[in-house]
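Below you'll find the structure, written out as structure tokens, and then a few comments.
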Amino acid sequence: MTDDLRTQLAEANHILFDQGVLDAFGHVSVRSAERADRFLLARNMAPVLVTPADIQEYGLDGATHDPAPSYLERFIHAEIYRARPDVHAVVHSHSASVIPFGLSSAPLRPLFHMAGFLAQGVARFEIRGTAGDATDLLVRDAPLGAALAASLGDAPFALMRGHGSVAVGPSLPLTVYRAVYAEENAALVLRTLPLADVVALTEGEGHAAAETNAGQVARAWDMWRRLAARHEVLRAG
Ligand code: MN
């Protein structure tokens with residue numbers, strides 16, 4: 001089971017790179033299937049290069065027995081898993097279209113059914129509220145991770161001002177789906193700014209669309225992982 005999960009997590013890394021959500025930075029994790037107080041996350045490396053052998057197991061304190069270097073921001077994952085028993089996967093990215101919404105009061109509303117889950121809530125994290133106005137913006141310790149998790153609340157998505165975002169969900173494929181469509185929806189909102197009378201989904205439409213789409217994620221996953229396989233040449237060195 002864990003081997004399957006490691007393979008799926010490596011694929012998630014490749015998909016998120018291929019879909020333009022992650023670049024050399026950002027990361028994706030999944031909660032252990034055997035132990036709710038453990039999660040899997042790649043060692044400190046570019047997501048597209050991750051193989052199952054590069055995946056480490058962490059406790060909710062952000063510690064691992066693996067001596068290979070860890071991502072500085074592993075506390076994002078650790079503290080969200082601690083605060084949210086319903087969450088089984090976390091994507092942290094710096095994807096570009098989402099950034100403007102963390103900087104402004106402009107709401108990231110769902111404009112099309114594929115992003116209906118955004119009606120479940122878009123949280124905001126302001127690192128200055130915890131760590132002052134001279135940080136490097138990184139969530140580099142447990143208290144900052146806990147502050148981010150508190151800001152996230154029970155939402156599926158949080159904006160991190162001047163930094164990026166987190167998407168969370170009950171499974172790895174659905175969380176990857178959310179990260180992909182949050183970015184796409186953000187780009188759509190920016191494209192509609194010159195237009196008058198833009199109509200977003202209602203809360204009811206968002207919830208209904210999210211429920212429908214949650215049953216269709218396998219179709220996207222199967223295509224996305226095949227598309228992402230074209231980057232195998234990068235992993236070969
Ligand atoms: Mn980051």
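Each chain of the structure tokens is named A, B, ... in the order shown, its residues numbered from 1; ligands are numbered from 1 in display order.
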Test item: residues lying within 12 Å of ligand 1 with only C-alpha atoms and all ligand atoms, as a ChimeraX atom specification: /A:22-28,71-77,91-95,99,136-140,145,159-166
Can you write out the residues you just picked, keeping C-alpha atoms, as a PDB file, in the first residue's frame?
ATOM      1  CA  LEU A  22       4.691  23.637  -9.464  1.00  0.00           C
ATOM      2  CA  ASP A  23       8.012  24.643 -11.028  1.00  0.00           C
ATOM      3  CA  ALA A  24      11.382  24.043  -9.350  1.00  0.00           C
ATOM      4  CA  PHE A  25       9.614  24.924  -6.088  1.00  0.00           C
ATOM      5  CA  GLY A  26       6.490  23.969  -4.184  1.00  0.00           C
ATOM      6  CA  HIS A  27       5.566  20.490  -2.964  1.00  0.00           C
ATOM      7  CA  VAL A  28       2.808  17.924  -2.532  1.00  0.00           C
ATOM      8  CA  TYR A  71      11.961  20.945   2.338  1.00  0.00           C
ATOM      9  CA  LEU A  72      12.189  23.973   4.639  1.00  0.00           C
ATOM     10  CA  GLU A  73       8.411  24.376   4.480  1.00  0.00           C
ATOM     11  CA  ARG A  74       7.471  20.824   5.513  1.00  0.00           C
ATOM     12  CA  PHE A  75       5.699  22.413   8.516  1.00  0.00           C
ATOM     13  CA  ILE A  76       2.925  23.559   6.149  1.00  0.00           C
ATOM     14  CA  HIS A  77       2.028  19.897   5.666  1.00  0.00           C
ATOM     15  CA  VAL A  91      -0.327  20.941  -2.278  1.00  0.00           C
ATOM     16  CA  HIS A  92       1.755  24.061  -1.613  1.00  0.00           C
ATOM     17  CA  SER A  93       2.521  26.119  -4.707  1.00  0.00           C
ATOM     18  CA  HIS A  94       3.603  29.546  -5.902  1.00  0.00           C
ATOM     19  CA  SER A  95       1.515  29.364  -9.092  1.00  0.00           C
ATOM     20  CA  ILE A  99      -0.630  35.425  -6.300  1.00  0.00           C
ATOM     21  CA  ASP A 136      11.451  35.737   4.146  1.00  0.00           C
ATOM     22  CA  LEU A 137       7.753  34.716   3.830  1.00  0.00           C
ATOM     23  CA  LEU A 138       8.596  31.029   4.302  1.00  0.00           C
ATOM     24  CA  VAL A 139       6.650  28.783   6.672  1.00  0.00           C
ATOM     25  CA  ARG A 140       9.864  27.431   8.146  1.00  0.00           C
ATOM     26  CA  GLY A 145       2.687  26.113  10.148  1.00  0.00           C
ATOM     27  CA  LEU A 159      -3.999  32.265  -0.151  1.00  0.00           C
ATOM     28  CA  MET A 160      -0.587  33.114   1.342  1.00  0.00           C
ATOM     29  CA  ARG A 161       0.123  36.817   0.890  1.00  0.00           C
ATOM     30  CA  GLY A 162       3.243  37.532  -1.175  1.00  0.00           C
ATOM     31  CA  HIS A 163       4.053  33.831  -1.413  1.00  0.00           C
ATOM     32  CA  GLY A 164       1.536  31.362  -2.854  1.00  0.00           C
ATOM     33  CA  SER A 165      -1.234  29.072  -1.728  1.00  0.00           C
ATOM     34  CA  VAL A 166      -2.225  25.731  -0.264  1.00  0.00           C
TER      35      VAL A 166
END
Please extract the residues of segment 153-199 of chain A with a backbone DSSP assignment of helix (DSSP H, G or I) and present them as a list in words. Leu172, Pro173, Leu174, Thr175, Val176, Tyr177, Arg178, Ala179, Val180, Tyr181, Ala182, Glu183, Glu184, Asn185, Ala186, Ala187, Leu188, Val189, Leu190, Arg191 and Thr192 of chain A
For the residues in that selection, give me N, CA and C atoms as a CSV table (one decimal), in the first residue's frame.
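Output below, filename out-v1.csv:
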chain,number,residue,atom,x,y,z
A,172,LEU,N,-5.4,12.3,-2.6
A,172,LEU,CA,-4.4,12.9,-3.4
A,172,LEU,C,-4.9,13.4,-4.8
A,173,PRO,N,-5.6,12.6,-5.5
A,173,PRO,CA,-6.1,13.0,-6.8
A,173,PRO,C,-7.0,14.3,-6.7
A,174,LEU,N,-7.9,14.3,-5.7
A,174,LEU,CA,-8.8,15.4,-5.6
A,174,LEU,C,-8.1,16.7,-5.2
A,175,THR,N,-7.1,16.5,-4.4
A,175,THR,CA,-6.3,17.7,-4.0
A,175,THR,C,-5.5,18.3,-5.2
A,176,VAL,N,-4.9,17.4,-6.0
A,176,VAL,CA,-4.2,17.8,-7.2
A,176,VAL,C,-5.2,18.5,-8.1
A,177,TYR,N,-6.3,17.9,-8.3
A,177,TYR,CA,-7.4,18.6,-9.1
A,177,TYR,C,-7.7,20.0,-8.6
A,178,ARG,N,-7.8,20.2,-7.3
A,178,ARG,CA,-8.1,21.5,-6.7
A,178,ARG,C,-7.0,22.5,-7.0
A,179,ALA,N,-5.8,22.0,-6.9
A,179,ALA,CA,-4.6,22.9,-7.1
A,179,ALA,C,-4.6,23.4,-8.6
A,180,VAL,N,-4.9,22.4,-9.5
A,180,VAL,CA,-4.9,22.8,-10.9
A,180,VAL,C,-6.0,23.8,-11.3
A,181,TYR,N,-7.2,23.5,-10.8
A,181,TYR,CA,-8.3,24.4,-11.1
A,181,TYR,C,-8.4,25.6,-10.3
A,182,ALA,N,-7.8,25.7,-9.2
A,182,ALA,CA,-7.7,27.0,-8.5
A,182,ALA,C,-6.8,28.0,-9.3
A,183,GLU,N,-5.7,27.4,-9.8
A,183,GLU,CA,-4.8,28.3,-10.7
A,183,GLU,C,-5.6,28.7,-11.9
A,184,GLU,N,-6.3,27.8,-12.6
A,184,GLU,CA,-7.0,28.1,-13.8
A,184,GLU,C,-8.1,29.1,-13.5
A,185,ASN,N,-8.8,28.9,-12.4
A,185,ASN,CA,-9.9,29.9,-12.1
A,185,ASN,C,-9.4,31.2,-11.8
A,186,ALA,N,-8.2,31.3,-11.1
A,186,ALA,CA,-7.6,32.6,-10.8
A,186,ALA,C,-7.3,33.3,-12.1
A,187,ALA,N,-6.7,32.6,-13.1
A,187,ALA,CA,-6.4,33.2,-14.4
A,187,ALA,C,-7.7,33.7,-15.0
A,188,LEU,N,-8.8,33.0,-14.9
A,188,LEU,CA,-10.0,33.4,-15.5
A,188,LEU,C,-10.5,34.7,-14.8
A,189,VAL,N,-10.4,34.8,-13.5
A,189,VAL,CA,-10.9,36.0,-12.8
A,189,VAL,C,-10.1,37.2,-13.4
A,190,LEU,N,-8.8,37.0,-13.5
A,190,LEU,CA,-8.0,38.1,-14.0
A,190,LEU,C,-8.4,38.5,-15.4
A,191,ARG,N,-8.7,37.5,-16.3
A,191,ARG,CA,-9.1,37.8,-17.6
A,191,ARG,C,-10.5,38.5,-17.7
A,192,THR,N,-11.3,38.4,-16.7
A,192,THR,CA,-12.6,39.0,-16.7
A,192,THR,C,-12.6,40.4,-16.1
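Summary of the local environment: counting only C-alpha atoms, residues at most 10 Å from Val30 of chain A, other than itself and those fewer than 4 positions away along its chain, are Leu5, Arg6, Gln8, Leu9, Ala12, Arg38, Phe39, Leu40, Leu41, Glu57, His77, Tyr81, Val87, His88, Ala89, Val90, Val91, Val168, Gly169, Pro170, Ser171, Leu172 and Thr175 of chain A.
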Can you list, as a PyMOL selection string, all residues belonging to segment 47-236 of chain A that DSSP tags as strand (DSSP E)? chain A and resi 55-59+89-93+122-125+157-160+164-169
Fewer than 4 positions away in the same chain doesn't count, so skip those; otherwise give me all residues within 10 Å of segment 230-233 of chain A, counting only C-alpha atoms, as an MDAnalysis selection string. chainID A and resid 14:15 17:18 48:49 225:226 237
I'd like to know which of A:Ile55, A:Ala68, A:Ile80, A:Ala119 is closest to His207 of chain A, using only C-alpha atoms.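 Result for the nearest residue to His207 of chain A: A:Ala119.
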Residues near Glu205 of chain A, anyone? I mean within 12 Å using only C-alpha atoms, not counting same-chain ones fewer than 6 positions away, as a PyMOL selection string. chain A and resi 109-120+199+211-212
Mind dumping the selected residues with N, CA and C atoms as an mmCIF file, in the first residue's frame?
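Printed below is out-v4.cif as written:
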data_model
loop_
_atom_site.group_PDB
_atom_site.id
_atom_site.type_symbol
_atom_site.label_atom_id
_atom_site.label_comp_id
_atom_site.auth_asym_id
_atom_site.auth_seq_id
_atom_site.Cartn_x
_atom_site.Cartn_y
_atom_site.Cartn_z
ATOM 1 N N ARG A 109 -13.439 34.119 -6.502
ATOM 2 C CA ARG A 109 -14.748 33.464 -6.607
ATOM 3 C C ARG A 109 -14.718 32.406 -7.709
ATOM 4 N N PRO A 110 -15.458 31.317 -7.561
ATOM 5 C CA PRO A 110 -15.525 30.328 -8.647
ATOM 6 C C PRO A 110 -16.308 30.882 -9.828
ATOM 7 N N LEU A 111 -15.646 30.940 -10.992
ATOM 8 C CA LEU A 111 -16.295 31.480 -12.193
ATOM 9 C C LEU A 111 -16.849 30.390 -13.083
ATOM 10 N N PHE A 112 -16.372 29.161 -12.908
ATOM 11 C CA PHE A 112 -16.902 28.054 -13.719
ATOM 12 C C PHE A 112 -16.984 26.797 -12.867
ATOM 13 N N HIS A 113 -17.765 25.836 -13.369
ATOM 14 C CA HIS A 113 -18.101 24.676 -12.536
ATOM 15 C C HIS A 113 -16.890 23.872 -12.086
ATOM 16 N N MET A 114 -15.805 23.888 -12.915
ATOM 17 C CA MET A 114 -14.641 23.077 -12.559
ATOM 18 C C MET A 114 -13.997 23.533 -11.250
ATOM 19 N N ALA A 115 -14.230 24.793 -10.893
ATOM 20 C CA ALA A 115 -13.655 25.338 -9.656
ATOM 21 C C ALA A 115 -14.732 25.551 -8.595
ATOM 22 N N GLY A 116 -15.828 24.827 -8.721
ATOM 23 C CA GLY A 116 -16.930 24.989 -7.777
ATOM 24 C C GLY A 116 -16.520 24.827 -6.321
ATOM 25 N N PHE A 117 -15.485 24.014 -6.083
ATOM 26 C CA PHE A 117 -15.042 23.776 -4.694
ATOM 27 C C PHE A 117 -14.619 25.064 -3.998
ATOM 28 N N LEU A 118 -14.269 26.095 -4.750
ATOM 29 C CA LEU A 118 -13.864 27.363 -4.119
ATOM 30 C C LEU A 118 -15.023 27.994 -3.336
ATOM 31 N N ALA A 119 -16.269 27.576 -3.654
ATOM 32 C CA ALA A 119 -17.423 28.058 -2.882
ATOM 33 C C ALA A 119 -17.385 27.534 -1.443
ATOM 34 N N GLN A 120 -16.577 26.495 -1.195
ATOM 35 C CA GLN A 120 -16.443 25.958 0.171
ATOM 36 C C GLN A 120 -15.530 26.833 1.023
ATOM 37 N N VAL A 199 -20.622 37.285 -13.720
ATOM 38 C CA VAL A 199 -21.478 36.476 -12.839
ATOM 39 C C VAL A 199 -20.704 35.247 -12.362
ATOM 40 N N GLU A 211 -19.456 18.527 -5.909
ATOM 41 C CA GLU A 211 -19.859 17.147 -5.626
ATOM 42 C C GLU A 211 -19.822 16.306 -6.910
ATOM 43 N N THR A 212 -20.315 16.872 -8.005
ATOM 44 C CA THR A 212 -20.287 16.158 -9.293
ATOM 45 C C THR A 212 -18.848 15.890 -9.729
#
Go ahead and compute the interatomic distance for atom CA of Leu148 of chain A and atom CA of Ala131 of chain A, in Å to one decimal.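 Between these atoms lies a distance of 11.5 Å.
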Here is a test: counting only C-alpha atoms, which residue of A:Ala200, A:Ala63, A:Ala83, A:Ala134 is nearest to Ser151 of chain A?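 Looking at the shortest contact to Ser151 of chain A, the residue is A:Ala83.
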